[in-house]
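Colleague: Below is the file protein.txt, with compact mmCIF, C-alpha atoms.
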```
# COMPACT_ATOMS: atom_id res chain seq x y z
CA MET A 48 26.55 125.36 78.50
CA GLY A 49 30.15 126.05 79.43
CA ASN A 50 29.79 126.16 83.25
CA TYR A 51 32.02 123.13 83.49
CA ARG A 52 34.51 122.24 86.23
CA PHE A 53 37.90 120.82 85.30
CA ILE A 54 40.41 119.39 87.73
CA LEU A 55 43.99 118.99 86.55
CA SER A 56 47.06 117.41 88.09
CA GLY A 57 50.65 117.21 86.91
CA GLY A 58 53.82 118.26 88.59
CA GLY A 59 57.23 117.72 90.03
CA THR A 60 58.89 119.11 86.89
CA GLY A 61 58.06 121.69 84.25
CA GLY A 62 57.56 118.83 81.80
CA HIS A 63 54.39 117.86 83.68
CA ILE A 64 53.27 121.33 84.81
CA TYR A 65 53.40 123.35 81.59
CA PRO A 66 51.32 120.88 79.52
CA ALA A 67 48.64 120.97 82.23
CA ILE A 68 48.61 124.78 82.18
CA ALA A 69 48.47 124.82 78.36
CA ILE A 70 45.48 122.45 78.42
CA ALA A 71 43.72 124.59 81.04
CA ASN A 72 44.34 127.74 78.99
CA GLU A 73 42.77 126.19 75.89
CA LEU A 74 39.79 124.90 77.88
CA LYS A 75 39.36 128.37 79.39
CA ARG A 76 39.50 129.94 75.90
CA ARG A 77 36.69 127.66 74.74
CA HIS A 78 34.71 127.76 78.00
CA PRO A 79 35.26 131.19 79.64
CA LYS A 80 32.79 130.42 82.45
CA ALA A 81 34.42 127.13 83.41
CA GLU A 82 36.00 126.60 86.85
CA PHE A 83 39.48 125.14 87.24
CA LEU A 84 41.35 123.52 90.11
CA PHE A 85 44.87 122.12 90.01
CA VAL A 86 46.19 119.52 92.45
CA GLY A 87 49.93 119.24 93.00
CA ALA A 88 52.54 117.96 95.42
CA LYS A 89 53.32 120.23 98.36
CA ASP A 90 56.74 121.90 98.19
CA LYS A 91 57.09 121.17 94.44
CA MET A 92 57.38 123.80 91.72
CA GLU A 93 53.74 123.53 90.65
CA MET A 94 52.73 125.25 93.91
CA GLU A 95 54.46 128.37 92.56
CA LYS A 96 54.03 128.05 88.78
CA VAL A 97 50.29 127.30 88.70
CA PRO A 98 49.20 130.38 90.71
CA GLN A 99 51.52 132.47 88.51
CA ALA A 100 49.49 131.21 85.55
CA GLY A 101 46.29 132.38 87.25
CA TYR A 102 44.90 129.11 88.60
CA LYS A 103 44.08 127.85 92.08
CA ILE A 104 46.01 124.83 93.34
CA GLU A 105 45.67 122.41 96.26
CA GLY A 106 48.71 120.53 97.55
CA LEU A 107 48.98 116.87 98.53
CA TRP A 108 51.57 115.45 100.92
CA ILE A 109 53.04 113.09 98.35
CA SER A 110 56.46 112.32 96.88
CA GLY A 111 58.00 109.66 94.69
CA LEU A 112 59.89 106.58 95.74
CA GLN A 113 63.66 106.99 95.94
CA ARG A 114 65.97 104.46 94.28
CA LYS A 115 67.56 103.54 97.62
CA LEU A 116 66.26 102.95 101.14
CA THR A 117 65.62 106.33 102.76
CA LEU A 118 63.37 107.80 105.43
CA LYS A 119 61.26 109.28 102.60
CA ASN A 120 60.64 105.77 101.27
CA LEU A 121 59.59 104.54 104.71
CA MET A 122 57.13 107.44 104.88
CA PHE A 123 55.69 106.73 101.42
CA PRO A 124 52.81 104.42 102.49
CA LEU A 125 51.61 106.98 105.05
CA LYS A 126 51.90 109.84 102.54
CA LEU A 127 49.99 107.82 99.94
CA VAL A 128 47.10 106.99 102.28
CA ILE A 129 46.79 110.62 103.47
CA SER A 130 47.00 111.89 99.86
CA LEU A 131 44.30 109.47 98.72
CA ILE A 132 42.00 110.65 101.51
CA ARG A 133 42.68 114.30 100.70
CA ALA A 134 42.25 113.70 96.96
CA ARG A 135 38.85 112.11 97.62
CA GLN A 136 37.82 115.14 99.71
CA ILE A 137 38.95 117.57 96.99
CA THR A 138 37.14 115.61 94.28
CA LYS A 139 33.94 115.40 96.31
CA GLN A 140 33.97 119.13 97.10
CA PHE A 141 34.90 120.37 93.61
CA ARG A 142 32.74 117.87 91.65
CA PRO A 143 34.63 118.10 88.33
CA ASN A 144 33.14 117.13 84.98
CA VAL A 145 36.50 115.79 83.79
CA ALA A 146 39.82 115.02 85.52
CA ILE A 147 43.04 115.51 83.55
CA GLY A 148 46.44 114.10 84.53
CA THR A 149 49.75 115.00 82.92
CA GLY A 150 52.02 112.83 85.08
CA GLY A 151 53.88 113.33 88.33
CA PHE A 152 53.30 112.03 91.85
CA ALA A 153 50.19 114.04 92.73
CA SER A 154 48.22 112.96 89.68
CA GLY A 155 48.18 109.36 90.95
CA PRO A 156 45.99 109.83 94.04
CA LEU A 157 43.83 112.48 92.37
CA LEU A 158 42.94 110.53 89.23
CA LYS A 159 42.48 107.28 91.15
CA MET A 160 39.90 108.98 93.38
CA ALA A 161 38.28 110.78 90.43
CA ALA A 162 37.92 107.54 88.48
CA GLY A 163 36.50 105.85 91.57
CA ALA A 164 33.84 108.59 91.69
CA LYS A 165 32.93 107.82 88.05
CA ILE A 166 34.47 111.07 86.75
CA PRO A 167 35.87 110.68 83.20
CA CYS A 168 39.68 110.84 83.23
CA VAL A 169 42.12 111.88 80.50
CA LEU A 170 45.85 111.18 80.70
CA GLN A 171 48.51 113.04 78.76
CA GLU A 172 51.85 111.23 78.43
CA GLN A 173 54.70 113.41 77.17
CA ASN A 174 57.51 110.86 76.83
CA SER A 175 58.26 107.99 74.48
CA TYR A 176 58.64 105.79 77.57
CA ALA A 177 55.58 106.15 79.77
CA GLY A 178 55.92 107.31 83.37
CA ILE A 179 54.99 104.97 86.21
CA THR A 180 52.05 107.11 87.39
CA ASN A 181 50.36 107.14 83.99
CA LYS A 182 50.99 103.41 83.51
CA LEU A 183 49.27 102.70 86.84
CA LEU A 184 46.33 104.96 85.94
CA ALA A 185 45.86 103.72 82.36
CA SER A 186 43.13 101.20 83.19
CA LYS A 187 41.05 103.98 84.78
CA ALA A 188 41.36 106.50 81.93
CA LYS A 189 38.86 107.10 79.13
CA ARG A 190 41.47 108.66 76.82
CA ILE A 191 45.29 108.63 76.79
CA CYS A 192 46.88 111.37 74.68
CA VAL A 193 50.45 110.60 73.57
CA ALA A 194 53.23 112.19 71.51
CA TYR A 195 55.03 109.12 70.15
CA ASP A 196 54.26 105.99 68.15
CA ARG A 197 54.25 102.47 69.63
CA MET A 198 52.77 103.53 72.99
CA GLU A 199 50.53 100.44 73.02
CA GLN A 200 53.38 98.70 74.83
CA PHE A 201 52.34 100.77 77.87
CA PHE A 202 48.64 101.55 77.38
CA PRO A 203 45.49 99.86 76.02
CA LYS A 204 45.57 100.47 72.27
CA GLU A 205 41.90 101.47 72.02
CA LYS A 206 42.42 104.37 74.47
CA ILE A 207 45.46 105.91 72.77
CA ILE A 208 45.14 109.14 70.76
CA LYS A 209 48.30 110.55 69.18
CA THR A 210 48.05 114.31 69.72
CA GLY A 211 51.61 115.47 70.40
CA ASN A 212 52.71 117.54 73.39
CA PRO A 213 51.41 121.03 74.24
CA VAL A 214 54.00 123.74 73.59
CA ARG A 215 54.08 127.46 74.36
CA SER A 216 51.96 129.43 71.93
CA ASP A 217 54.70 131.86 70.83
CA LEU A 218 56.61 128.95 69.25
CA VAL A 219 53.77 127.56 67.15
CA ASP A 220 54.28 130.33 64.62
CA LEU A 221 57.83 131.61 65.09
CA LYS A 222 57.69 135.10 63.59
CA VAL A 223 60.89 136.59 64.97
CA ASP A 224 63.37 137.68 62.29
CA LYS A 225 66.84 136.16 62.67
CA LYS A 226 68.61 139.53 62.41
CA GLU A 227 66.32 140.93 65.10
CA ALA A 228 67.13 137.94 67.32
CA ILE A 229 70.90 138.26 66.77
CA ASP A 230 70.70 141.97 67.63
CA PHE A 231 68.65 141.15 70.75
CA PHE A 232 71.57 139.10 72.12
CA GLY A 233 74.23 141.52 70.85
CA LEU A 234 75.84 138.91 68.61
CA ASN A 235 77.59 138.98 65.22
CA ALA A 236 75.30 138.39 62.22
CA ASN A 237 78.24 136.97 60.23
CA LYS A 238 78.96 134.10 62.64
CA LYS A 239 77.13 130.81 63.16
CA THR A 240 75.21 130.79 66.46
CA ILE A 241 75.03 127.76 68.75
CA LEU A 242 72.23 127.65 71.32
CA ILE A 243 72.83 125.53 74.44
CA ILE A 244 69.80 124.77 76.60
CA GLY A 245 69.95 122.54 79.67
CA GLY A 246 66.57 123.30 81.21
CA SER A 247 65.49 126.03 83.65
CA LEU A 248 67.66 124.67 86.45
CA GLY A 249 70.57 123.87 84.14
CA ALA A 250 72.50 120.68 83.38
CA ARG A 251 75.79 120.19 85.21
CA ARG A 252 77.43 117.85 82.70
CA VAL A 253 76.43 119.97 79.70
CA ASN A 254 77.80 123.09 81.41
CA GLN A 255 81.08 121.31 82.18
CA LEU A 256 81.34 120.32 78.50
CA ILE A 257 80.72 123.85 77.20
CA GLU A 258 83.26 125.39 79.59
CA LYS A 259 85.86 122.79 78.59
CA GLU A 260 85.24 123.43 74.86
CA LEU A 261 85.21 127.25 74.86
CA VAL A 262 88.58 127.48 73.08
CA PHE A 263 87.41 124.82 70.62
CA PHE A 264 84.28 126.86 69.83
CA GLU A 265 86.41 129.98 69.37
CA ASN A 266 88.61 128.10 66.91
CA GLN A 267 85.48 127.04 64.99
CA GLU A 268 84.54 130.75 64.75
CA VAL A 269 81.08 130.21 66.22
CA GLN A 270 79.27 132.18 68.92
CA LEU A 271 77.21 130.83 71.81
CA ILE A 272 73.94 131.55 73.57
CA TRP A 273 74.56 129.48 76.70
CA GLN A 274 71.64 129.00 79.06
CA CYS A 275 73.49 127.47 82.00
CA GLY A 276 70.58 127.49 84.47
CA LYS A 277 70.04 129.47 87.64
CA LEU A 278 71.76 126.82 89.79
CA TYR A 279 75.02 127.28 87.87
CA TYR A 280 75.01 130.90 86.76
CA GLU A 281 77.47 132.07 89.43
CA ASP A 282 79.90 129.33 88.31
CA TYR A 283 79.94 130.33 84.65
CA LYS A 284 79.02 134.01 84.37
CA GLN A 285 82.72 134.99 84.12
CA HIS A 286 82.74 133.49 80.59
CA ASP A 287 80.23 136.04 79.29
CA SER A 288 81.73 137.99 76.37
CA ASN A 289 80.94 139.41 72.93
CA SER A 290 80.78 135.90 71.45
CA VAL A 291 79.60 133.90 74.48
CA LYS A 292 76.32 135.01 76.07
CA VAL A 293 75.94 133.28 79.45
CA LEU A 294 72.38 133.39 80.81
CA ALA A 295 70.75 131.88 83.88
CA PHE A 296 67.39 131.71 82.13
CA LEU A 297 66.04 132.52 78.66
CA ASN A 298 62.97 134.71 79.00
CA ARG A 299 62.63 135.00 75.21
CA MET A 300 62.91 131.47 73.86
CA ASP A 301 61.45 132.67 70.55
CA TYR A 302 64.46 134.98 70.08
CA ALA A 303 66.88 132.26 71.17
CA TYR A 304 65.48 129.73 68.70
CA ALA A 305 65.37 132.30 65.89
CA ALA A 306 69.02 133.25 66.46
CA ALA A 307 70.28 129.65 66.51
CA ASP A 308 71.86 127.79 63.61
CA ILE A 309 72.49 124.66 65.67
CA ILE A 310 71.00 123.68 69.04
CA ILE A 311 72.56 121.55 71.78
CA SER A 312 69.88 120.40 74.22
CA ARG A 313 68.71 117.94 76.81
CA ALA A 314 65.92 115.64 75.60
CA GLY A 315 63.02 116.25 77.93
CA ALA A 316 59.64 115.74 76.28
CA GLY A 317 58.75 119.44 76.25
CA SER A 318 62.08 120.42 74.73
CA VAL A 319 61.80 117.73 72.04
CA SER A 320 58.31 118.90 71.04
CA GLU A 321 59.42 122.53 70.89
CA LEU A 322 62.49 121.67 68.82
CA CYS A 323 60.34 119.80 66.28
CA LEU A 324 58.40 123.03 65.75
CA VAL A 325 61.54 125.16 65.58
CA GLY A 326 63.04 122.91 62.91
CA LYS A 327 66.74 123.61 63.51
CA PRO A 328 69.54 120.96 63.55
CA VAL A 329 69.78 119.50 67.07
CA LEU A 330 72.41 117.57 68.99
CA PHE A 331 70.76 115.94 72.00
CA ILE A 332 72.69 115.18 75.18
CA PRO A 333 70.08 113.25 77.21
CA SER A 334 70.19 113.29 80.98
CA PRO A 335 70.85 109.77 82.29
CA ASN A 336 69.54 110.78 85.74
CA VAL A 337 65.81 110.58 85.01
CA ALA A 338 63.22 107.86 85.55
CA GLU A 339 63.52 104.92 83.12
CA ASP A 340 66.22 106.87 81.20
CA HIS A 341 63.32 108.38 79.23
CA GLN A 342 65.37 111.27 77.79
CA THR A 343 67.61 108.82 75.93
CA LYS A 344 64.52 107.07 74.59
CA ASN A 345 63.02 110.42 73.51
CA ALA A 346 66.20 111.33 71.64
CA LYS A 347 66.54 107.91 70.02
CA ALA A 348 63.00 108.21 68.66
CA LEU A 349 64.19 111.21 66.62
CA VAL A 350 67.63 109.81 65.78
CA SER A 351 65.94 106.73 64.28
CA LYS A 352 64.20 109.05 61.79
CA ASP A 353 67.36 111.03 60.90
CA ALA A 354 65.79 114.01 62.64
CA ALA A 355 68.50 114.69 65.24
CA LEU A 356 71.92 113.64 66.50
CA MET A 357 72.62 112.28 69.96
CA LEU A 358 75.62 111.84 72.23
CA LYS A 359 75.46 110.14 75.62
CA GLU A 360 77.18 111.90 78.50
CA SER A 361 79.72 109.06 78.56
CA GLU A 362 80.66 109.87 74.93
CA LEU A 363 81.21 113.60 75.29
CA ASP A 364 84.93 113.64 76.09
CA THR A 365 85.83 111.34 73.19
CA ASP A 366 83.25 112.15 70.51
CA PHE A 367 81.90 115.69 70.96
CA GLU A 368 84.46 117.66 68.96
CA LYS A 369 84.36 115.33 65.94
CA SER A 370 80.54 115.19 65.96
CA PHE A 371 80.32 118.97 66.18
CA VAL A 372 82.85 119.58 63.39
CA ASP A 373 81.08 117.08 61.13
CA LEU A 374 77.78 118.87 61.75
CA ILE A 375 78.94 122.49 61.48
CA ASN A 376 80.87 121.76 58.26
CA SER A 377 78.06 119.93 56.47
CA MET A 378 75.13 121.96 55.22
CA ASP A 379 73.70 118.75 53.75
CA THR A 380 73.51 117.21 57.21
CA GLN A 381 72.08 120.38 58.72
CA ASN A 382 69.41 120.64 56.01
CA LYS A 383 68.50 116.95 56.33
CA LEU A 384 68.11 117.15 60.13
CA SER A 385 66.13 120.37 59.86
CA ALA A 386 63.74 118.98 57.23
CA ASN A 387 63.19 115.70 59.08
CA ILE A 388 62.61 117.18 62.53
CA LYS A 389 60.04 119.62 61.10
CA GLN A 390 58.03 116.68 59.76
CA LEU A 391 57.57 115.43 63.35
CA ALA A 392 56.08 118.70 64.61
CA MET A 393 52.50 118.63 65.95
CA PRO A 394 51.64 122.31 66.42
CA LYS A 395 47.96 121.75 67.24
CA ALA A 396 48.60 119.29 70.09
CA THR A 397 46.85 121.33 72.78
CA GLU A 398 43.74 121.81 70.62
CA HIS A 399 43.58 118.10 69.82
CA ILE A 400 43.89 117.13 73.50
CA VAL A 401 41.09 119.53 74.41
CA ASP A 402 38.99 118.10 71.55
CA GLU A 403 39.27 114.71 73.29
CA ILE A 404 38.37 116.21 76.65
CA GLU A 405 35.28 117.89 75.18
CA LYS A 406 34.05 114.54 73.84
CA LEU A 407 33.72 113.40 77.45
CA LEU A 408 31.58 116.34 78.56
CA LYS A 409 27.95 115.42 79.05
```
With the file now loaded, output its structure as structure tokens.
Modeller:
Amino acid sequence: MGNYRFILSGGGTGGHIYPAIAIANELKRRHPKAEFLFVGAKDKMEMEKVPQAGYKIEGLWISGLQRKLTLKNLMFPLKLVISLIRARQITKQFRPNVAIGTGGFASGPLLKMAAGAKIPCVLQEQNSYAGITNKLLASKAKRICVAYDRMEQFFPKEKIIKTGNPVRSDLVDLKVDKKEAIDFFGLNANKKTILIIGGSLGARRVNQLIEKELVFFENQEVQLIWQCGKLYYEDYKQHDSNSVKVLAFLNRMDYAYAAADIIISRAGAGSVSELCLVGKPVLFIPSPNVAEDHQTKNAKALVSKDAALMLKESELDTDFEKSFVDLINSMDTQNKLSANIKQLAMPKATEHIVDEIEKLLK
């Protein structure tokens, strides 16, 4: 037993890639002799991130549909047909016991071909508003693992298992001492620390807000850990100082979370799941530039349970300062948000997803 073969697909963004890697890592822990193959979209970040995690990956010539008429859209039917043919070849050669999809363009052709070959399929949907690929694949899947309630509006109710989203293992049991974390960033232990995270690439509108409000933050006597993203680091690095730490990327998220008193963040599914585990007061600024506006829906799911605050990008210029002052000056609000967001944490998500996968092994 244990000489299983697992094929996984999810990509385009870290929100699809990292859950797939986390699932593979847990499967590998339980089945050390198992074989793994990832399938991604050529020229997307999974082609770099998956090999870095120690797994083999095959690339498909596939991309998503654009919102307007472009040459890429005209090429889509050809790309889809070629990707379906290639996905069938990969499936036939690898002969997986189970196929696992975590969303993204490449998972569509792969799981469609796997299901057609009678291979059991598991979907993992990270967001509160299901992605188009997973919605199209739902009828083919044996199990659909989700992180939010009321997902039966997208998927057959009898297939849904609420597991939560996989998160990095160092956050499940955050052991870093706050003083150690403050020292790590060279900050002042007597000041409140605000952590700003806009994703690995950064968030233009969030960065513009923080730069505009630097004097305001100074007047509030708070200090910042500002992860501006590698795309924007050159634009903002001049603001780095004793009380404003400007970073392209946060290699030690455990230290960053431990140092923070309040967190300002985008509302991608992975970030939301991590922040539930961290249990700090959060102000979400969802990106409006994502499919189906799913970040706003993710944030609203927490706001409806008094577990976070949210401001739309369109509200930042008029409402940010008041919202921030109300939050920083009210320990009652901070404690309420912290307590409520912790109740939504699902630290064993990866294990529960793998439990469902193992049920399908013959």
Colleague: Could you list, as number ranges by chain, every residue within 7 Å of range 345-356 of chain A, counting all atoms listed in the file and ignoring same-chain residues fewer than 5 positions away?
Modeller: A: 174-175, 314, 316, 328-331, 384-385, 387-388
Colleague: List every residue of range 343-382 of chain A that has an atom at most 12 Å from any atom of range 235-244 of chain A, giving for each one its closest atom pair and the distance in Å to one decimal, counting only C-alpha atoms, sorted by chain and then by ascending residue number, as JSON lines.
Modeller:
```
{"residue": "A:Phe371", "atom": "CA", "partner": "A:Ile241", "partner_atom": "CA", "distance": 10.6}
{"residue": "A:Leu374", "atom": "CA", "partner": "A:Ile241", "partner_atom": "CA", "distance": 11.6}
{"residue": "A:Ile375", "atom": "CA", "partner": "A:Lys239", "partner_atom": "CA", "distance": 8.7}
{"residue": "A:Asn376", "atom": "CA", "partner": "A:Lys239", "partner_atom": "CA", "distance": 10.9}
```
Colleague: Counting all atoms listed in the file, which residue out of A:Cys192, A:Ser56, A:Lys209, A:Glu93 sits closest to Lys159 in chain A?
Modeller: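 The answer is A:Ser56, which sits nearest to Lys159 in chain A.
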Colleague: Between CA of Tyr304 in chain A and CA of Gln274 in chain A, what is the distance, to one decimal in Å?
Modeller: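 A separation of 12.1 Å between them.
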Colleague: So, with all atoms listed in the file as the atoms that count, which of A:Arg252, A:His63, A:Arg215, A:Lys344 lies closest to Glu360 in chain A?
Modeller: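 Counting all atoms listed in the file, the residue closest to Glu360 in chain A is A:Arg252.
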Colleague: So that I can check the surroundings of Val214 in chain A, please list as a PyMOL selection string every protein, DNA and RNA residue that reaches within 8 Å of it, counting all atoms listed in the file and ignoring chain neighbours fewer than 6 positions away.
Modeller: chain A and resi 66+69+317+320-321+394+396-397
Colleague: Take CA of Phe296 in chain A and CA of Gly59 in chain A and report the distance between them in Å, one decimal.
Modeller: 19.0 Å
Colleague: I'd like the contact shell of range 193-195 of chain A - 6 Å cut-off, only C-alpha atoms, skipping same-chain residues fewer than 5 positions apart - returned as a compact mmCIF listing (two decimals) with C-alpha atoms, in the frame of the given file.
Modeller:
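Output saved as out14.txt:
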```txt
# COMPACT_ATOMS: atom_id res chain seq x y z
CA GLU A 172 51.85 111.23 78.43
CA GLN A 173 54.70 113.41 77.17
CA SER A 175 58.26 107.99 74.48
CA LYS A 209 48.30 110.55 69.18
CA THR A 210 48.05 114.31 69.72
CA GLY A 211 51.61 115.47 70.40
CA ASN A 212 52.71 117.54 73.39
```
Colleague: Which residues come within 12 Å of Lys259 in chain A, counting all atoms listed in the file, excluding same-chain residues fewer than 5 positions away, as an MDAnalysis selection string?
Modeller: chainID A and resid 252:254 264:265 283 286 363:364 367:368
Colleague: Determine the nearest neighbour of Lys96 in chain A from the options A:Ser130, A:Asn289, A:Thr60, A:Ser186, counting all atoms listed in the file.
Modeller: A:Thr60
Colleague: Take CA of Lys189 in chain A and CA of Lys206 in chain A and report the distance between them in Å, one decimal.
Modeller: 6.5 Å
Colleague: A:Met122, A:Lys139, A:Cys168, A:Asn144: which is nearest Ala81 in chain A, counting only C-alpha atoms?
Modeller: A:Asn144
Colleague: Applying 10 Å and all atoms listed in the file, which residues near Glu205 in chain A remain after dropping the ones on its own chain fewer than 3 positions away? List them as a ChimeraX atom specification.
Modeller: /A:189-191,199,202,208
Colleague: Using only C-alpha atoms, find the one residue out of A:Val262, A:Leu324, A:Ile272, A:Met357 that sits nearest to Lys395 in chain A.
Modeller: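 That would be A:Leu324, the residue with the smallest distance to Lys395 in chain A.
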Colleague: Select, from A:Ala71, A:Ala161, A:Ala153, A:Lys327, the residue with the minimum atom-to-atom distance to Met94 in chain A, counting only C-alpha atoms.
Modeller: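 Residue with the minimum atom-to-atom distance to Met94 in chain A: A:Ala153.
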Colleague: Counting only C-alpha atoms, I want the residues whose atoms come within 9 Å of (63.0, 123.6, 79.5) in the file frame, returned as a list in words.
Modeller: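 Output of the proximity query reads Gly61, Gly62, Ile244, Gly245, Gly246, Ser247, Leu248, Gly249, Arg313, Gly315, Gly317 and Ser318 of chain A.
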Colleague: For those residues, write C-alpha atoms to a file as a CSV table (one decimal), keeping the file's coordinate frame.
Modeller:
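Printed below is out37.csv as written:
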```
chain,number,residue,atom,x,y,z
A,61,GLY,CA,58.1,121.7,84.2
A,62,GLY,CA,57.6,118.8,81.8
A,244,ILE,CA,69.8,124.8,76.6
A,245,GLY,CA,70.0,122.5,79.7
A,246,GLY,CA,66.6,123.3,81.2
A,247,SER,CA,65.5,126.0,83.6
A,248,LEU,CA,67.7,124.7,86.4
A,249,GLY,CA,70.6,123.9,84.1
A,313,ARG,CA,68.7,117.9,76.8
A,315,GLY,CA,63.0,116.2,77.9
A,317,GLY,CA,58.8,119.4,76.2
A,318,SER,CA,62.1,120.4,74.7
```
